[in-house]
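So the structure is just underneath, and the comments pick up after that.
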Amino acid sequence: MRKQPTQAKSEPGKSLPIGAISVGVIVAALCAVGIWRWSTVAHPQAMNPAAAVVSYVGEARCAQCHADQAQAWRNSHHALAMQTATDASVLGNFNDAQFTKDGVTSSFFKKDSKFYVHTDGPDGKPQDYPLPYTFGVSPLQQYLVPFPNGRMQSFVVAWDSRSKQQEGQRWFDLYPDQKITPADPLHWTGRNQTWNYMCADCHSTNLRKNYDLAKDSYATTWSDLDVSCESCHGPGSNHVAWAEARKKGTYKSSDGANGLVVDLKPAKGSWAVSNPDVGTMHWKGDARSHNEISTCAPCHARRHPITADYQPGQPFLDAYVPSLLEEGVYYPDGQILEEDYEWGSFVQSKMYHEGVTCSDCHDPHTAKLPPISLNAVCGKCHAAAKFDSPQHHHHQAGSAGALCVNCHMPTKTYMVVDVRRDHSFRVPRPDFSVAYGTPNACNQCHKDKSNGWAVDAVVKWYGPNRRQEAHFVEAINAGRRGLPNAERALTALIQDSAKPAIARATALSLLPAYLTPASMPAVQGALADSDAQVRSQAVRSLEPLSPQDRVHLAAPLLTDPSLAVRIEAARLLAGTPSGLSDAQKTALDRDIAELIAAEMVSAERPESHMNLALVYAQMGRNGAAESELKTALRLDPKFVPAMVNLADLYREQQRDNEGQQWLEKAMAAEPNAAEPVYALGLLKIRQKQYSEALPLLAKAAALQPSNARYSYVYAVALQSSGQVNQAIGILQRAHEGRPADRQILNALIAFERDNGNIPAATVYAQQLVELIPDDPGARATLQELQRQAR
């Protein structure tokens with residue numbers, strides 16, 4: 001069973017020989033291709049070797065010796081992250097207050113000193129629900145509802161805890177522009193609002209979900225309800241033992257560290273100005289570690305977990321896989337679009353690469369900035385005389401435009417009222433807004449002006465020698481849009497070690513659609529990169545290669561020190577028939593077990609079971625694959641990807657009649673989903689029901705016009721039915737959308753040539769040669785067309 005890529009993939013460096021193209025052969029090949037995809041459910045740190053046997057002691061025990069730190073922490077957002085609902089902790093109006101949206105009225109009230117909401121339930125019928133816990137504190141507070149089987153659901157009508165002057169002190173819906181019914185997974189009773197999976201581990205200390213797949217139930221536990229000392233410092237029993245021994249006079253320096261699991265001691269040294277003309281501080285002293293950032297990352301990164309027993313101090317990518325700069329989450333220049341929780345932005349910044357850590361700006365216990373002006377915070381490392389002046393920011397002193405953060409940390413609002421700042425600390429680039437459609441800080445304030453106006457202002461202020469460093473935006477934009485320069489730009493980014501690792505890893509994720517021998521050296525270099533996120537994506541980028549080449553390049557990473565890398569090597573090589581040494585086979589078996597365990601960390605999610613099905617299918621274990629897909633559908637009966645992949649599994653087993661039933665169910669469950677429509681179209685071709693296949697393929701291409709593969713298949717079907725001109729028109733539109741798609745270009749060359757339009761075929765052949773200039777087949781095709789044109 002094979003996955004169907006969203007972009008056409010061929011053996012590296014090989015283009016289809018035009019003279020050999022046969023519509024019948026193409027259609028037959030298309031019918032044999034599966035439609036499987038990996039899914040995600042949408043991170044060296046010093047750690048005490050004895051961490052595995054230590055236990056959590058609780059915040060109260062820590063406070064006995066660390067009273068000042070505990071007092072500073074008690075009013076922090078960490079301390080208030082989750083609380084028992086009491087008159088002191090509840091901020092919302094429960095004096096029979098009401099909120100109505102889409103015909104549903106939610107009433108908030110108290111009964112016997114407890115808090116309740118009367119609202120619609122999973123069956124759409126209203127009833128009373130208790131609210132025993134608060135969730136968050138500012139700028140909004142949510143409330144949790146206990147459900148059967150140990151679940152707690154996060155109610156989506158929240159309290160705006162801002163002041164009335166800020167338009168707060170009101171109930172509001174977190175999805176104001178969507179009408180959400182009880183059947184929707186975003187409904188407050190749905191799986192996507194389940195606290196145990198979605199939120200819990202970052203709002204309580206030592207949280208254990210304790211999910212039971214057979215019962216689809218939880219027995220979730222924690223040691224502290226809130227985010228307390230041991231969330232960051234790790235379990236404290238050894239530290240307590242050390243402290244007690246020290247008080248008794250038995251402690252010796254040779255006993256080692258003070259019993260803490262995580263080493264958060266600051267490096268010795270200071271920030272100092274290296275060049276007064278530049279005006280920025282640089283670290284002078286011992287090397288600064290990323291321990292602190294790795295400690296914050298699990299809850300301040302967009303990521304998914306790959307271990308069930310994370311303990312503070314583990315390397316980030318031994319416990320989590322962070323999001324890349326993915327389309328829909330980040331703009332192509334790395335600015336935040338969806339919530340990224342800071343880590344993904346911060347690791348792009350020069351500050352991160354200079355050794356700046358979270359506590360250089362934020363107090364580690366209050367989590368607040370120091371009680372000085374915002375510009376003074378920046379002035380700790382950036383000379384005020386140079387940067388906090390109209391000569392630099394070109395705004396009136398004391399105005400909003402003179403605040404460093406308004407230019408270098410622009411805001412975006414999430415959850416209706418939660419204003420977050422981008423932590424990539426970037427220089428405003430309105431020229432990128434013009435070229436790539438990204439936002440910029442200038443126009444965030446000057447909303448009545450154009451991006452071009454902002455560009456002109458920057459040119460006027462800073463002149464021709466202004467900062468215009470090369471940026472990864474060109475490569476990421478080209479890779480996302482399928483532009484002709486994609487392979488070249490992505491390759492250059494991957495090989496540029498000065499660029500952020502998260503951007504280089506993103507480039508590797510985009511490269512497979514364009515991979516040729518010219519870009520393979522970049523991938524090979526990335527397999528040995530010092531950054532685990534880069535290595536992980538380098539392994540994934542090997543997917544288009546032959547099994548033999550995959551083994552040759554990826555097998556050494558079966559023993560990579562990072563779990564995130566090893567499980568990707570296992571995913572790539574699972575089912576590999578030959579080419580591995582005995583030691584590598586043993587490592588692969590171990591890594592597959594790690595991969596299965598990593599997916600089972602999120603066993604309550606259907607996506608994880610679909611991923612497991614892919615692994616088992618790749619290993620030839622079709623029975624196990626079918627079982628996992630049916631588990632996914634037990635968890636979510638409307639999970640369309642599992643239905644589509646189950647149909648594809650049945651295709652390989654010559655069970656298309658059963659597969660068709662699942663595809664029809666998928667179309668009924670999600671009428672606007674293109675993939676089941678496309679899959680049913682292929683099924684109809686296999687059954688030689690061409691008149692039924694054509695409208696299905698047309699519909700799939702219309703539902704997802706950005707998918708060049710759908711357009712390609714539809715065009716082939718049109719051409720095979722004699723509608724050549726219509727087929728060429730479909731391909732031309734697809735080519736305009738993704739100019740670097742070689743499969744589309746090959747089809748255009750063949751169709752135009754066979755239609756007698758040699759000049760048009762020659763133009764497309766020239767474009768193909770420009771894309772893959774070292775490909776002998778592409779050059780031979782162009783030469784043959786040029787000969788025919790004479």
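Chain labels follow the order of the structure tokens: the first chain is A, the next B, and so on; residue numbering restarts at 1 in every chain, and ligands are counted from 1 in their shown order.
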Non-local contacts of region 729-743 of chain A (8 Å; only C-alpha atoms; under 4 positions in same chain excluded) as an NGL selection string: :A and (7-9 or 15 or 481-486 or 513-514 or 705-706 or 708 or 711-712 or 714-715 or 725 or 747-748 or 768 or 771)
Near-region 105-115 of chain A list (6 Å; only C-alpha atoms; drop same-chain fewer than 5 positions) as a list in words: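 Result of the neighbour search: Phe94, Asn95, Asp96, Ala97, Gln98, Phe99, Thr100, Pro130 and Leu131 of chain A.
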Would you write out those residues with N, CA, C and O atoms, as an mmCIF file, in the first residue's frame?
data_model
loop_
_atom_site.group_PDB
_atom_site.id
_atom_site.type_symbol
_atom_site.label_atom_id
_atom_site.label_comp_id
_atom_site.auth_asym_id
_atom_site.auth_seq_id
_atom_site.Cartn_x
_atom_site.Cartn_y
_atom_site.Cartn_z
ATOM 1 N N PHE A 94 -22.137 34.895 37.754
ATOM 2 C CA PHE A 94 -23.036 33.750 37.921
ATOM 3 C C PHE A 94 -24.319 34.138 38.648
ATOM 4 O O PHE A 94 -24.967 33.300 39.277
ATOM 5 N N ASN A 95 -24.684 35.407 38.540
ATOM 6 C CA ASN A 95 -25.926 35.890 39.137
ATOM 7 C C ASN A 95 -27.067 35.784 38.133
ATOM 8 O O ASN A 95 -27.654 36.779 37.705
ATOM 9 N N ASP A 96 -27.319 34.544 37.697
ATOM 10 C CA ASP A 96 -28.353 34.263 36.691
ATOM 11 C C ASP A 96 -28.119 35.039 35.400
ATOM 12 O O ASP A 96 -29.065 35.469 34.727
ATOM 13 N N ALA A 97 -26.843 35.202 35.052
ATOM 14 C CA ALA A 97 -26.494 35.877 33.802
ATOM 15 C C ALA A 97 -26.804 34.959 32.620
ATOM 16 O O ALA A 97 -26.748 33.727 32.735
ATOM 17 N N GLN A 98 -27.119 35.544 31.471
ATOM 18 C CA GLN A 98 -27.437 34.759 30.280
ATOM 19 C C GLN A 98 -26.621 35.237 29.090
ATOM 20 O O GLN A 98 -26.268 36.416 28.984
ATOM 21 N N PHE A 99 -26.328 34.275 28.211
ATOM 22 C CA PHE A 99 -25.640 34.591 26.952
ATOM 23 C C PHE A 99 -26.301 33.761 25.857
ATOM 24 O O PHE A 99 -26.476 32.549 26.005
ATOM 25 N N THR A 100 -26.669 34.421 24.750
ATOM 26 C CA THR A 100 -27.369 33.728 23.665
ATOM 27 C C THR A 100 -26.585 33.849 22.368
ATOM 28 O O THR A 100 -26.129 34.934 21.998
ATOM 29 N N PRO A 130 -22.549 21.182 36.175
ATOM 30 C CA PRO A 130 -21.696 21.800 37.191
ATOM 31 C C PRO A 130 -20.379 22.265 36.579
ATOM 32 O O PRO A 130 -19.908 21.704 35.588
ATOM 33 N N LEU A 131 -19.786 23.283 37.163
ATOM 34 C CA LEU A 131 -18.513 23.845 36.703
ATOM 35 C C LEU A 131 -17.536 23.838 37.895
ATOM 36 O O LEU A 131 -17.361 24.847 38.575
#
Top pick for closest residue to Gln64 (chain A), considering A:Cys361, A:Arg590, A:Ala243, A:Val677 and counting only C-alpha atoms: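 The answer is A:Ala243, which sits nearest to Gln64 (chain A).
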Who sits within 9 Å of Arg779 (chain A), only C-alpha atoms, same chain under 5 positions skipped, as a PyMOL selection string: chain A and resi 765-766+768-769+772-774+784
Using only C-alpha atoms: which of A:Ala532, A:Ala593, A:Ile336, A:Cys199 has the shortest distance to Phe316 (chain A):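 Selected residue with least distance to Phe316 (chain A): A:Ala532.
Between CA of Gly103 (chain A) and CA of Pro132 (chain A) the separation is 26.0 Å.
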Selection near Arg288 (chain A), 8 Å with only C-alpha atoms, sequence-local residues under 5 positions removed, as a VMD selection string: chain A and resid 266 to 267 355
Residues within 12 Å of Ala583 (chain A), only C-alpha atoms, excluding chain neighbours under 3 positions, as JSON, numbers by chain: {"A": [555, 556, 558, 559, 579, 580, 586, 587, 588, 589, 590]}
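Between CA of Pro577 (chain A) and CA of Ala526 (chain A) the separation is 25.4 Å.
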Picked from region 500-734 of chain A by DSSP as alpha helix (DSSP H), as a ChimeraX atom specification: /A:501-510,520-527,532-540,547-554,563-573,582-600,606-618,622-635,640-652,656-669,674-686,690-703,708-720,724-734
Using only C-alpha atoms: which of A:Ser55, A:Gln468, A:Ser274, A:Thr205 has the shortest distance to Arg426 (chain A): A:Gln468
Minimum-distance residue to Asp775 (chain A), chosen among A:Leu493, A:Thr516, A:Gln723, A:Ala554 (using only C-alpha atoms):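 Using only C-alpha atoms, Asp775 (chain A) sits closest to A:Thr516.
Picture a line from CA of Met409 (chain A) to CA of Asp422 (chain A); it runs 4.9 Å.
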Residue neighbourhood Gly150 (chain A), 6 Å, only C-alpha atoms, exclusion window fewer than 2 positions, as a list in words: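 Contacts, with the query itself left out: Pro148, Ser217, Tyr218 and Ala219 of chain A.
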File dump, residues just selected, N, CA and C atoms, as an mmCIF file, in the first residue's frame:
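What follows is the written file out22.cif:
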data_model
loop_
_atom_site.group_PDB
_atom_site.id
_atom_site.type_symbol
_atom_site.label_atom_id
_atom_site.label_comp_id
_atom_site.auth_asym_id
_atom_site.auth_seq_id
_atom_site.Cartn_x
_atom_site.Cartn_y
_atom_site.Cartn_z
ATOM 1 N N PRO A 148 -19.068 11.888 31.715
ATOM 2 C CA PRO A 148 -18.819 10.473 32.007
ATOM 3 C C PRO A 148 -17.460 10.006 31.493
ATOM 4 N N SER A 217 -11.905 6.070 27.976
ATOM 5 C CA SER A 217 -12.124 6.772 29.235
ATOM 6 C C SER A 217 -10.794 7.257 29.813
ATOM 7 N N TYR A 218 -10.903 8.167 30.767
ATOM 8 C CA TYR A 218 -9.731 8.735 31.431
ATOM 9 C C TYR A 218 -9.826 8.518 32.942
ATOM 10 N N ALA A 219 -8.635 8.413 33.555
ATOM 11 C CA ALA A 219 -8.520 8.471 35.018
ATOM 12 C C ALA A 219 -7.375 9.430 35.322
#
Nearest-residue call for Arg571 (chain A), choices A:Ala308, A:Val551, A:Met600, A:Ile592, using only C-alpha atoms: A:Ile592
Residue set, region 229-308 of chain A restricted to strand (DSSP E), as a PyMOL selection string: chain A and resi 269-273+281-285+303-305
Could the residues in this selection be saved with C-alpha atoms as a PDB file, in the first residue's frame?
ATOM      1  CA  GLY A 269      29.065  36.132  32.655  1.00  0.00           C
ATOM      2  CA  SER A 270      27.289  39.294  31.612  1.00  0.00           C
ATOM      3  CA  TRP A 271      25.916  41.181  28.650  1.00  0.00           C
ATOM      4  CA  ALA A 272      28.266  43.861  27.350  1.00  0.00           C
ATOM      5  CA  VAL A 273      28.460  46.247  24.402  1.00  0.00           C
ATOM      6  CA  MET A 281      24.867  43.821  23.940  1.00  0.00           C
ATOM      7  CA  HIS A 282      26.607  40.504  23.449  1.00  0.00           C
ATOM      8  CA  TRP A 283      27.202  37.790  25.997  1.00  0.00           C
ATOM      9  CA  LYS A 284      30.624  37.674  27.605  1.00  0.00           C
ATOM     10  CA  GLY A 285      31.270  34.632  29.730  1.00  0.00           C
ATOM     11  CA  ARG A 303       3.683  20.585  19.244  1.00  0.00           C
ATOM     12  CA  HIS A 304       2.416  17.058  19.721  1.00  0.00           C
ATOM     13  CA  PRO A 305       3.744  14.626  22.332  1.00  0.00           C
TER      14      PRO A 305
END
